[in-house]
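Novice: What follows is a structure written as structure tokens; I'll ask about it next.
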Amino acid sequence: MEKRTYYVSIQGRSLLEDPGAAAYEWEVEATRQEADTLSHMLEHLSEKEESGFLAFTYPWPDTPEGEVNRSYESHLNTLYREIYRLGTAETRTQMERSGLAAQL
């Protein structure tokens, strides 16, 4: 399948085809199927964030903070690994320079 360039915004929870449509952090080369997977991962990240918010808003006394964050952090790391795998040379270099790649 043919790969196209997509622009990923973790902050905006978006995958864009037009770099001028909105701000983005990372540039990737992906097939349509890989792009769909990234898009679903971004949506799922929002869901994880919302469930974490609810856990802090209505906390259970026996649920430690680390446990609430673990699922969100795990998903975020998986998303960053996928961005690194599909990333352009510039994206990979930026992730390596920032130390993000080493944390994955």
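Each chain in the structure tokens gets a letter, A, B, ..., in the order shown, and its residues are numbered from 1; ligands are numbered from 1 in order too.
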Excluding same-chain residues fewer than 4 positions from A:Ala30, what lies within 12 Å of it counting only C-alpha atoms, as a ChimeraX atom specification?
Specialist: /A:1-8,15-17,34-39,82-88
Novice: How would the residues just picked look written out with C-alpha atoms as an mmCIF file, in the first residue's frame?
Specialist:
```
data_model
loop_
_atom_site.group_PDB
_atom_site.id
_atom_site.type_symbol
_atom_site.label_atom_id
_atom_site.label_comp_id
_atom_site.auth_asym_id
_atom_site.auth_seq_id
_atom_site.Cartn_x
_atom_site.Cartn_y
_atom_site.Cartn_z
ATOM 1 C CA MET A 1 0.000 0.000 0.000
ATOM 2 C CA GLU A 2 1.044 3.549 -0.663
ATOM 3 C CA LYS A 3 2.267 5.641 2.251
ATOM 4 C CA ARG A 4 1.276 9.250 2.699
ATOM 5 C CA THR A 5 2.436 11.963 5.033
ATOM 6 C CA TYR A 6 0.260 12.660 8.066
ATOM 7 C CA TYR A 7 0.655 15.180 10.853
ATOM 8 C CA VAL A 8 0.013 14.035 14.418
ATOM 9 C CA LEU A 15 -4.259 13.105 12.748
ATOM 10 C CA LEU A 16 -4.159 15.555 9.865
ATOM 11 C CA GLU A 17 -3.461 15.278 6.156
ATOM 12 C CA GLU A 34 -1.790 2.652 9.781
ATOM 13 C CA ALA A 35 -3.314 6.146 9.801
ATOM 14 C CA ASP A 36 -6.659 4.706 10.896
ATOM 15 C CA THR A 37 -4.904 2.836 13.711
ATOM 16 C CA LEU A 38 -3.184 6.043 14.862
ATOM 17 C CA SER A 39 -6.473 7.906 14.734
ATOM 18 C CA GLU A 82 3.887 3.881 16.974
ATOM 19 C CA ILE A 83 4.672 7.501 16.076
ATOM 20 C CA TYR A 84 8.385 6.734 16.347
ATOM 21 C CA ARG A 85 7.991 3.611 14.168
ATOM 22 C CA LEU A 86 6.097 5.502 11.456
ATOM 23 C CA GLY A 87 7.910 8.800 11.943
ATOM 24 C CA THR A 88 9.902 10.593 9.310
#
```
Novice: Give me the residues within 10 Å of A:Gly12 as JSON, numbers by chain, counting only C-alpha atoms and dropping any in the same chain fewer than 6 places off.
Specialist: {"A": [22, 23, 24, 25, 42, 46]}
Novice: Using Å and a single decimal, report how far atom CA of A:Arg32 sits from atom CA of A:Arg97.
Specialist: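 Separating atom CA of A:Arg97 from atom CA of A:Arg32 is a distance of 28.4 Å.
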